[in-house]
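A.B. asks: Compact mmCIF, C-alpha atoms and all ligand atoms, saved as my_file-v9.txt, coming up:
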```
# COMPACT_ATOMS: atom_id res chain seq x y z
CA MET A 134 8.14 -35.79 2.86
CA THR A 135 6.99 -38.60 0.60
CA GLY A 136 8.06 -42.21 0.65
CA PHE A 137 10.49 -43.79 3.02
CA SER A 138 13.08 -41.32 4.17
CA ALA A 139 16.54 -42.33 5.38
CA THR A 140 19.07 -39.99 6.97
CA VAL A 141 22.57 -41.33 7.59
CA LEU A 142 24.98 -39.54 9.91
CA THR A 143 28.54 -40.39 9.02
CA LEU A 144 32.10 -39.16 8.76
CA TYR A 145 32.17 -40.64 5.23
CA PRO A 146 29.12 -39.32 3.34
CA GLU A 147 30.94 -40.03 0.07
CA MET A 148 30.37 -43.74 0.71
CA PHE A 149 26.64 -43.21 0.00
CA PRO A 150 24.57 -44.19 -1.87
CA GLY A 151 27.37 -46.56 -2.98
CA PRO A 152 25.84 -49.99 -3.57
CA LEU A 153 22.42 -48.57 -2.68
CA GLY A 154 22.59 -46.52 -5.87
CA ALA A 155 22.60 -49.62 -8.09
CA ALA A 156 20.14 -52.34 -9.03
CA LEU A 157 16.85 -52.67 -7.12
CA ALA A 158 17.59 -50.11 -4.40
CA GLY A 159 19.08 -47.66 -6.91
CA LYS A 160 16.06 -47.82 -9.21
CA ALA A 161 13.76 -47.27 -6.25
CA LEU A 162 15.89 -44.31 -5.20
CA GLU A 163 15.59 -42.82 -8.71
CA LYS A 164 11.84 -43.36 -8.68
CA GLY A 165 11.55 -41.59 -5.36
CA ILE A 166 10.17 -44.63 -3.54
CA TRP A 167 12.73 -43.85 -0.90
CA GLY A 168 15.00 -40.92 -0.20
CA LEU A 169 18.52 -40.81 1.18
CA GLU A 170 20.18 -37.88 2.86
CA THR A 171 23.60 -37.88 4.51
CA VAL A 172 24.81 -35.65 7.30
CA GLN A 173 28.53 -35.06 7.73
CA ILE A 174 29.16 -35.38 11.47
CA ARG A 175 32.32 -33.29 11.15
CA ASP A 176 30.26 -30.25 10.15
CA PHE A 177 29.17 -30.09 13.79
CA ALA A 178 32.65 -29.89 15.28
CA THR A 179 33.36 -26.48 16.75
CA ASP A 180 37.08 -26.38 17.47
CA ARG A 181 39.79 -25.19 15.16
CA HIS A 182 40.81 -28.70 14.15
CA ARG A 183 37.21 -29.79 13.57
CA SER A 184 37.81 -32.76 15.84
CA VAL A 185 35.01 -35.25 16.30
CA ASP A 186 36.73 -37.72 18.60
CA ASP A 187 38.85 -37.83 21.72
CA THR A 188 40.67 -40.35 23.87
CA PRO A 189 38.59 -42.68 26.05
CA ALA A 190 38.00 -41.64 29.65
CA GLY A 191 39.63 -44.26 31.84
CA GLY A 192 42.28 -44.98 29.26
CA GLY A 193 42.63 -47.75 26.73
CA PRO A 194 43.17 -47.90 23.01
CA GLY A 195 41.44 -45.95 20.26
CA MET A 196 39.25 -42.91 20.16
CA VAL A 197 35.63 -42.19 21.01
CA LEU A 198 33.16 -40.05 19.04
CA ARG A 199 32.26 -37.02 21.14
CA ALA A 200 28.77 -36.69 22.60
CA ASP A 201 28.55 -32.93 21.95
CA VAL A 202 29.46 -33.19 18.27
CA VAL A 203 27.24 -36.21 17.61
CA GLY A 204 24.43 -34.64 19.64
CA ARG A 205 24.48 -31.50 17.50
CA ALA A 206 24.56 -33.57 14.32
CA LEU A 207 21.50 -35.52 15.48
CA ASP A 208 19.67 -32.38 16.56
CA SER A 209 20.28 -30.77 13.17
CA ILE A 210 17.82 -33.23 11.64
CA GLY A 211 14.98 -31.83 13.72
CA SER A 212 12.44 -34.07 15.38
CA ASP A 213 10.17 -36.41 13.50
CA ASP A 214 8.78 -39.85 14.21
CA ARG A 215 11.50 -41.82 12.49
CA PRO A 216 13.41 -44.27 14.73
CA ARG A 217 16.95 -43.15 15.55
CA LEU A 218 19.33 -46.04 15.19
CA LEU A 219 22.97 -46.41 16.11
CA MET A 220 24.81 -49.09 14.19
CA SER A 221 26.60 -51.05 16.91
CA PRO A 222 27.90 -54.59 17.49
CA ARG A 223 26.24 -54.44 20.93
CA GLY A 224 22.87 -53.73 19.40
CA ARG A 225 19.65 -55.57 18.88
CA PRO A 226 20.30 -58.14 16.17
CA LEU A 227 18.89 -57.13 12.80
CA THR A 228 16.30 -59.75 11.85
CA GLN A 229 13.83 -59.98 8.99
CA GLY A 230 11.03 -59.18 11.45
CA PHE A 231 12.78 -55.99 12.55
CA VAL A 232 13.46 -55.12 8.90
CA ARG A 233 9.75 -55.55 8.13
CA ASP A 234 8.79 -53.25 11.02
CA LEU A 235 11.21 -50.60 9.79
CA ALA A 236 9.91 -50.89 6.21
CA ALA A 237 6.37 -50.29 7.47
CA GLY A 238 7.42 -47.01 9.11
CA PRO A 239 8.17 -43.52 7.80
CA GLY A 240 11.92 -44.03 7.45
CA LEU A 241 14.90 -44.10 9.75
CA VAL A 242 17.88 -42.18 11.00
CA ALA A 243 21.11 -44.20 11.17
CA LEU A 244 24.16 -43.02 13.04
CA CYS A 245 27.37 -44.68 11.90
CA GLY A 246 30.00 -45.15 14.56
CA ARG A 247 33.74 -45.14 13.93
CA PHE A 248 36.84 -45.69 16.09
CA GLU A 249 35.94 -47.42 19.37
CA GLY A 250 32.39 -46.17 19.20
CA VAL A 251 30.24 -43.34 20.49
CA ASP A 252 30.17 -41.63 23.91
CA GLU A 253 27.52 -43.48 25.93
CA ARG A 254 25.82 -40.25 27.04
CA VAL A 255 24.59 -39.38 23.57
CA ILE A 256 23.19 -42.90 23.15
CA GLU A 257 21.21 -42.38 26.38
CA GLY A 258 20.43 -38.70 25.88
CA ARG A 259 19.04 -39.11 22.36
CA GLU A 260 17.53 -42.54 23.11
CA LEU A 261 19.28 -44.24 20.23
CA ILE A 262 18.32 -47.80 19.39
CA GLU A 263 21.48 -49.82 18.89
CA VAL A 264 21.30 -52.24 15.97
CA SER A 265 23.82 -54.94 15.08
CA VAL A 266 24.14 -56.61 11.69
CA GLY A 267 25.95 -59.63 13.12
CA ASP A 268 28.40 -60.96 15.64
CA TYR A 269 31.55 -59.57 14.09
CA VAL A 270 33.21 -56.18 14.22
CA LEU A 271 33.25 -53.84 11.24
CA SER A 272 35.53 -50.81 11.03
CA GLY A 273 32.56 -48.46 10.88
CA GLY A 274 28.79 -48.26 10.84
CA GLU A 275 28.47 -47.28 7.17
CA VAL A 276 28.48 -50.77 5.69
CA ALA A 277 26.13 -51.88 8.48
CA ALA A 278 23.74 -49.03 7.61
CA MET A 279 23.89 -50.09 3.96
CA ILE A 280 23.01 -53.66 4.91
CA LEU A 281 20.07 -52.45 6.95
CA LEU A 282 18.82 -50.06 4.24
CA ASP A 283 19.24 -52.67 1.51
CA ALA A 284 17.12 -55.14 3.47
CA VAL A 285 14.46 -52.51 4.25
CA VAL A 286 14.25 -50.88 0.81
CA ARG A 287 13.54 -54.12 -1.05
CA LEU A 288 10.39 -54.53 1.05
CA LEU A 289 8.98 -51.10 0.20
CA ASP A 290 5.91 -51.05 -2.01
CA GLY A 291 6.79 -50.94 -5.68
CA VAL A 292 10.41 -52.05 -5.28
CA MET A 293 10.21 -55.77 -5.95
CA GLY A 294 8.73 -56.89 -9.25
CA GLN A 295 6.49 -59.62 -7.97
CA ARG A 296 4.56 -58.84 -4.83
CA GLU A 297 4.86 -62.43 -3.69
CA SER A 298 8.58 -62.64 -4.12
CA GLY A 299 9.10 -61.63 -0.51
CA CYS A 300 6.90 -64.23 1.17
CA GLU A 301 8.57 -67.57 0.75
CA GLU A 302 12.11 -66.50 1.33
CA SER A 303 14.52 -67.51 4.03
CA PHE A 304 13.36 -66.28 7.46
CA GLU A 305 9.93 -65.16 6.27
CA THR A 306 8.48 -68.57 7.09
CA GLY A 307 10.85 -69.34 9.96
CA LEU A 308 12.67 -71.78 7.70
CA LEU A 309 15.55 -71.34 5.29
CA GLU A 310 14.68 -71.42 1.63
CA TYR A 311 14.60 -74.55 -0.55
CA PRO A 312 17.07 -74.88 -3.45
CA HIS A 313 16.42 -73.23 -6.81
CA TYR A 314 17.11 -74.53 -10.33
CA THR A 315 16.71 -73.23 -13.85
CA ARG A 316 17.60 -74.33 -17.36
CA PRO A 317 19.61 -76.06 -18.69
CA GLN A 318 17.97 -79.35 -17.61
CA VAL A 319 21.36 -80.99 -17.29
CA TRP A 320 24.54 -79.23 -16.27
CA GLU A 321 27.80 -81.18 -15.85
CA GLU A 322 25.71 -84.35 -15.56
CA ARG A 323 23.58 -82.87 -12.80
CA ARG A 324 19.85 -82.91 -13.48
CA ILE A 325 17.15 -80.65 -12.12
CA PRO A 326 15.24 -82.78 -9.58
CA GLU A 327 12.49 -84.55 -11.51
CA VAL A 328 9.65 -83.45 -9.29
CA LEU A 329 10.24 -79.81 -10.26
CA THR A 330 9.58 -80.54 -13.92
CA SER A 331 6.63 -82.87 -13.21
CA GLY A 332 4.00 -80.15 -13.28
CA ASP A 333 2.52 -81.61 -10.06
CA HIS A 334 2.20 -78.47 -7.95
CA LYS A 335 1.26 -80.26 -4.75
CA ALA A 336 4.24 -82.58 -5.05
CA ILE A 337 6.48 -79.60 -5.78
CA ALA A 338 5.24 -77.74 -2.68
CA ARG A 339 5.79 -80.86 -0.54
CA TRP A 340 9.31 -81.35 -1.92
CA ARG A 341 10.22 -77.70 -1.32
CA HIS A 342 8.87 -77.76 2.20
CA ALA A 343 10.78 -80.96 3.01
CA LYS A 344 13.97 -79.41 1.63
CA SER A 345 13.43 -76.24 3.64
CA GLU A 346 13.04 -78.28 6.79
CA ALA A 347 16.07 -80.45 6.09
CA ILE A 348 18.31 -77.48 5.28
CA THR A 349 17.19 -75.55 8.35
CA ARG A 350 17.65 -78.56 10.67
CA ASP A 351 21.08 -79.19 9.22
CA ARG A 352 22.47 -75.65 9.05
CA ARG A 353 20.63 -73.67 11.69
CA PRO A 354 19.66 -75.73 14.74
CA ASP A 355 18.66 -72.46 16.46
CA LEU A 356 16.05 -71.62 13.81
CA TRP A 357 14.95 -75.23 13.66
CA ARG A 358 14.27 -75.42 17.40
CA ALA A 359 12.23 -72.21 17.24
CA TRP A 360 10.26 -73.50 14.27
CA GLU A 361 9.60 -76.85 15.95
CA ALA A 362 8.48 -75.15 19.14
CA ALA A 363 6.08 -72.94 17.21
CA HIS A 364 4.58 -75.90 15.39
CA ALA A 365 4.60 -78.51 18.16
CA THR A 366 1.77 -76.88 20.12
CA GLY A 367 -0.58 -77.45 17.19
CA GLY A 368 -1.07 -73.69 17.14
CA THR A 369 -1.18 -71.91 13.84
CA ARG A 370 1.66 -69.66 13.07
CA LYS A 371 2.00 -67.39 10.13
N1 LIG A 401 34.69 -51.00 20.16
C1 LIG A 401 33.47 -51.47 19.59
C2 LIG A 401 33.60 -51.69 18.09
C3 LIG A 401 33.71 -50.42 17.31
S1 LIG A 401 33.69 -50.72 15.60
C4 LIG A 401 33.08 -52.76 20.26
O1 LIG A 401 33.96 -53.53 20.66
O2 LIG A 401 31.88 -53.03 20.39
C5 LIG A 401 33.34 -49.10 14.97
C6 LIG A 401 31.91 -48.85 14.56
O3 LIG A 401 31.55 -49.77 13.56
C7 LIG A 401 30.87 -49.02 15.64
O4 LIG A 401 30.71 -47.85 16.40
C8 LIG A 401 29.61 -49.32 14.83
O5 LIG A 401 28.98 -48.14 14.40
C9 LIG A 401 30.16 -50.06 13.63
N2 LIG A 401 30.00 -51.52 13.72
C10 LIG A 401 31.00 -52.42 13.90
N3 LIG A 401 30.51 -53.67 13.93
C11 LIG A 401 29.18 -53.57 13.75
C12 LIG A 401 28.12 -54.53 13.71
N4 LIG A 401 28.35 -55.82 13.85
N5 LIG A 401 26.86 -54.07 13.53
C13 LIG A 401 26.62 -52.75 13.41
N6 LIG A 401 27.58 -51.80 13.45
C14 LIG A 401 28.84 -52.20 13.62
```
Translate this structure into structure tokens?
Ligand code: SAH
C.D. replies:
Amino acid sequence: MTGFSATVLTLYPEMFPGPLGAALAGKALEKGIWGLETVQIRDFATDRHRSVDDTPAGGGPGMVLRADVVGRALDSIGSDDRPRLLMSPRGRPLTQGFVRDLAAGPGLVALCGRFEGVDERVIEGRELIEVSVGDYVLSGGEVAAMILLDAVVRLLDGVMGQRESGCEESFETGLLEYPHYTRPQVWEERRIPEVLTSGDHKAIARWRHAKSEAITRDRRPDLWRAWEAAHATGGTRK
């Protein structure tokens, strides 16, 4: 197995690669920098109706993905050292740090939930790591898995044009990114801030840093507090 290898377990394999087949991620897929395999969960149903879900024990609305079916689907992959993730709104929040850790590894297995979710016993029994892409509820794990893979794939070696173009972005420094501009100089009477065309690289860096701080303080008090705390001690932080 070469490169970063992703296996997605889903009831809708036809959704993949979808957006991951285009642009940066799609080119990297073509080049073999990463590989994507889907597993149809329904192939592991055993009854006549090929059912994958059943009503929740204890009652309530919706349906639950069965532990036996999902367990067999997971076991069909065989064992390797890739982390086994379950896309889930209850999960560990997906952050850039987590994305970086995943990109440094051999790949990942992502199980996409549907309906009300997955029988808890298979989460425990197969030690799945629940991962959330945000505090909102999607109709299924597929789009969440795409978000996760998109974020991971762009960090793989050879995917982004400029090596540096990952370092100064939002979250990488603990601050949100400064604003960008490009030609034309004037658009609808709005000028590119003068400092950016001054050629004074120190002044430009200072301006960008000040903007990053101001935007973070203004829009994301949570990130700002964390950044301040990390810098207040006088300690160095990368
Ligand atoms: N009843 C669940 C929601 C189920 S949504 C609850 O209240 O927590 C159906 C599936 O969509 C989930 O099993 C999960 O795989 C996926 N999903 C929904 N929202 C998600 C999110 N924010 N992050 C990751 N996966 C999500």
A.B. asks: Kindly give the distance, in Å, that separates CA of Ser345 (chain A) and CA of Tyr311 (chain A), rounded to a single decimal.
C.D. replies: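 Between CA of Ser345 (chain A) and CA of Tyr311 (chain A) the gap works out to 4.7 Å.
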A.B. asks: At a cut-off of 9 Å and counting all atoms listed in the file, what residues surround ligand LIG 401 (chain A)? Please answer as a ChimeraX atom specification.
C.D. replies: /A:195,197-198,219-224,226-227,244-251,263-278
A.B. asks: Go ahead and save the residues from that selection, with C-alpha atoms, as a compact mmCIF listing (two decimals), in the coordinates of the input.
C.D. replies:
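Result file again.txt:
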```txt
# COMPACT_ATOMS: atom_id res chain seq x y z
CA GLY A 195 41.44 -45.95 20.26
CA VAL A 197 35.63 -42.19 21.01
CA LEU A 198 33.16 -40.05 19.04
CA LEU A 219 22.97 -46.41 16.11
CA MET A 220 24.81 -49.09 14.19
CA SER A 221 26.60 -51.05 16.91
CA PRO A 222 27.90 -54.59 17.49
CA ARG A 223 26.24 -54.44 20.93
CA GLY A 224 22.87 -53.73 19.40
CA PRO A 226 20.30 -58.14 16.17
CA LEU A 227 18.89 -57.13 12.80
CA LEU A 244 24.16 -43.02 13.04
CA CYS A 245 27.37 -44.68 11.90
CA GLY A 246 30.00 -45.15 14.56
CA ARG A 247 33.74 -45.14 13.93
CA PHE A 248 36.84 -45.69 16.09
CA GLU A 249 35.94 -47.42 19.37
CA GLY A 250 32.39 -46.17 19.20
CA VAL A 251 30.24 -43.34 20.49
CA GLU A 263 21.48 -49.82 18.89
CA VAL A 264 21.30 -52.24 15.97
CA SER A 265 23.82 -54.94 15.08
CA VAL A 266 24.14 -56.61 11.69
CA GLY A 267 25.95 -59.63 13.12
CA ASP A 268 28.40 -60.96 15.64
CA TYR A 269 31.55 -59.57 14.09
CA VAL A 270 33.21 -56.18 14.22
CA LEU A 271 33.25 -53.84 11.24
CA SER A 272 35.53 -50.81 11.03
CA GLY A 273 32.56 -48.46 10.88
CA GLY A 274 28.79 -48.26 10.84
CA GLU A 275 28.47 -47.28 7.17
CA VAL A 276 28.48 -50.77 5.69
CA ALA A 277 26.13 -51.88 8.48
CA ALA A 278 23.74 -49.03 7.61
```
A.B. asks: Quick one, how far is CA of Val185 (chain A) from CA of Asp201 (chain A)?
C.D. replies: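 Taking CA of Val185 (chain A) as the start and CA of Asp201 (chain A) as the end point, the length is 8.9 Å.
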A.B. asks: Got a sec: who's within 10 Å of Ile325 (chain A), counting all atoms listed in the file, leaving out chain neighbours fewer than 6 positions off, as a list in words?
C.D. replies: His313, Tyr314, Thr315, Arg316, Pro317, Gln318 and Val319 of chain A
A.B. asks: Please, could you write that set of residues out with C-alpha atoms as a compact mmCIF listing (two decimals), keeping the file's coordinate frame?
C.D. replies:
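Written out: result.txt:
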```
# COMPACT_ATOMS: atom_id res chain seq x y z
CA HIS A 313 16.42 -73.23 -6.81
CA TYR A 314 17.11 -74.53 -10.33
CA THR A 315 16.71 -73.23 -13.85
CA ARG A 316 17.60 -74.33 -17.36
CA PRO A 317 19.61 -76.06 -18.69
CA GLN A 318 17.97 -79.35 -17.61
CA VAL A 319 21.36 -80.99 -17.29
```
A.B. asks: Have a look at CA of Leu289 (chain A) and CA of Gly307 (chain A) and let me know their distance in Å, one decimal.
C.D. replies: 20.8 Å
A.B. asks: Find, counting all atoms listed in the file, the residue in A:Val242, A:Ala178, A:Leu308, A:Leu218 that gets nearest to Ala363 (chain A).
C.D. replies: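 Looking at the shortest contact to Ala363 (chain A), the residue is A:Leu308.
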A.B. asks: Which one of A:Ile280, A:Gly204, A:Pro150, A:Leu288 sits closest to Ile256 (chain A) if you count only C-alpha atoms?
C.D. replies: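 Answer, going by the shortest atom-to-atom distance: A:Gly204.
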A.B. asks: Excluding Leu142 (chain A) and its own-chain neighbours fewer than 5 positions away, which residues fall within 7 Å of it when counting all atoms listed in the file? Please give them as a VMD selection string.
C.D. replies: chain A and resid 171 to 174 243 to 245
A.B. asks: Quick one: write out the picked residues with C-alpha atoms as a compact mmCIF listing (two decimals), in the frame of the given file?
C.D. replies:
```
# COMPACT_ATOMS: atom_id res chain seq x y z
CA THR A 171 23.60 -37.88 4.51
CA VAL A 172 24.81 -35.65 7.30
CA GLN A 173 28.53 -35.06 7.73
CA ILE A 174 29.16 -35.38 11.47
CA ALA A 243 21.11 -44.20 11.17
CA LEU A 244 24.16 -43.02 13.04
CA CYS A 245 27.37 -44.68 11.90
```
A.B. asks: Would you pick out the contacts of Arg341 (chain A) at 9 Å or less, using only C-alpha atoms, so that residues sharing its chain but fewer than 3 positions from it are not included, and give the list as a PDB file with C-alpha atoms, in the frame of the given file?
C.D. replies:
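Writing done, so here's part27.pdb:
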```pdb
ATOM      1  CA  GLU A 310      14.680 -71.420   1.630  1.00  0.00           C
ATOM      2  CA  TYR A 311      14.600 -74.550  -0.550  1.00  0.00           C
ATOM      3  CA  PRO A 312      17.070 -74.880  -3.450  1.00  0.00           C
ATOM      4  CA  ALA A 336       4.240 -82.580  -5.050  1.00  0.00           C
ATOM      5  CA  ILE A 337       6.480 -79.600  -5.780  1.00  0.00           C
ATOM      6  CA  ALA A 338       5.240 -77.740  -2.680  1.00  0.00           C
ATOM      7  CA  LYS A 344      13.970 -79.410   1.630  1.00  0.00           C
ATOM      8  CA  SER A 345      13.430 -76.240   3.640  1.00  0.00           C
ATOM      9  CA  GLU A 346      13.040 -78.280   6.790  1.00  0.00           C
TER      10      GLU A 346
END
```
A.B. asks: With all atoms listed in the file as the basis for distance, which of A:Glu170, A:Pro216, A:Gln229, A:Arg199 is at the shortest distance from Ser184 (chain A)?
C.D. replies: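 Nearest to Ser184 (chain A): A:Arg199.
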A.B. asks: Nearest residue to Ala343 (chain A) out of A:Arg287, A:Arg205, A:Leu309, A:Ala139, using all atoms listed in the file?
C.D. replies: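 Nearest to Ala343 (chain A): A:Leu309.
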A.B. asks: Tell me which of A:Asp283, A:Asp180, A:Asp290, A:Asp214 sits closest to Val202 (chain A), counting only C-alpha atoms.
C.D. replies: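 Closest residue, counting only C-alpha atoms: A:Asp180.
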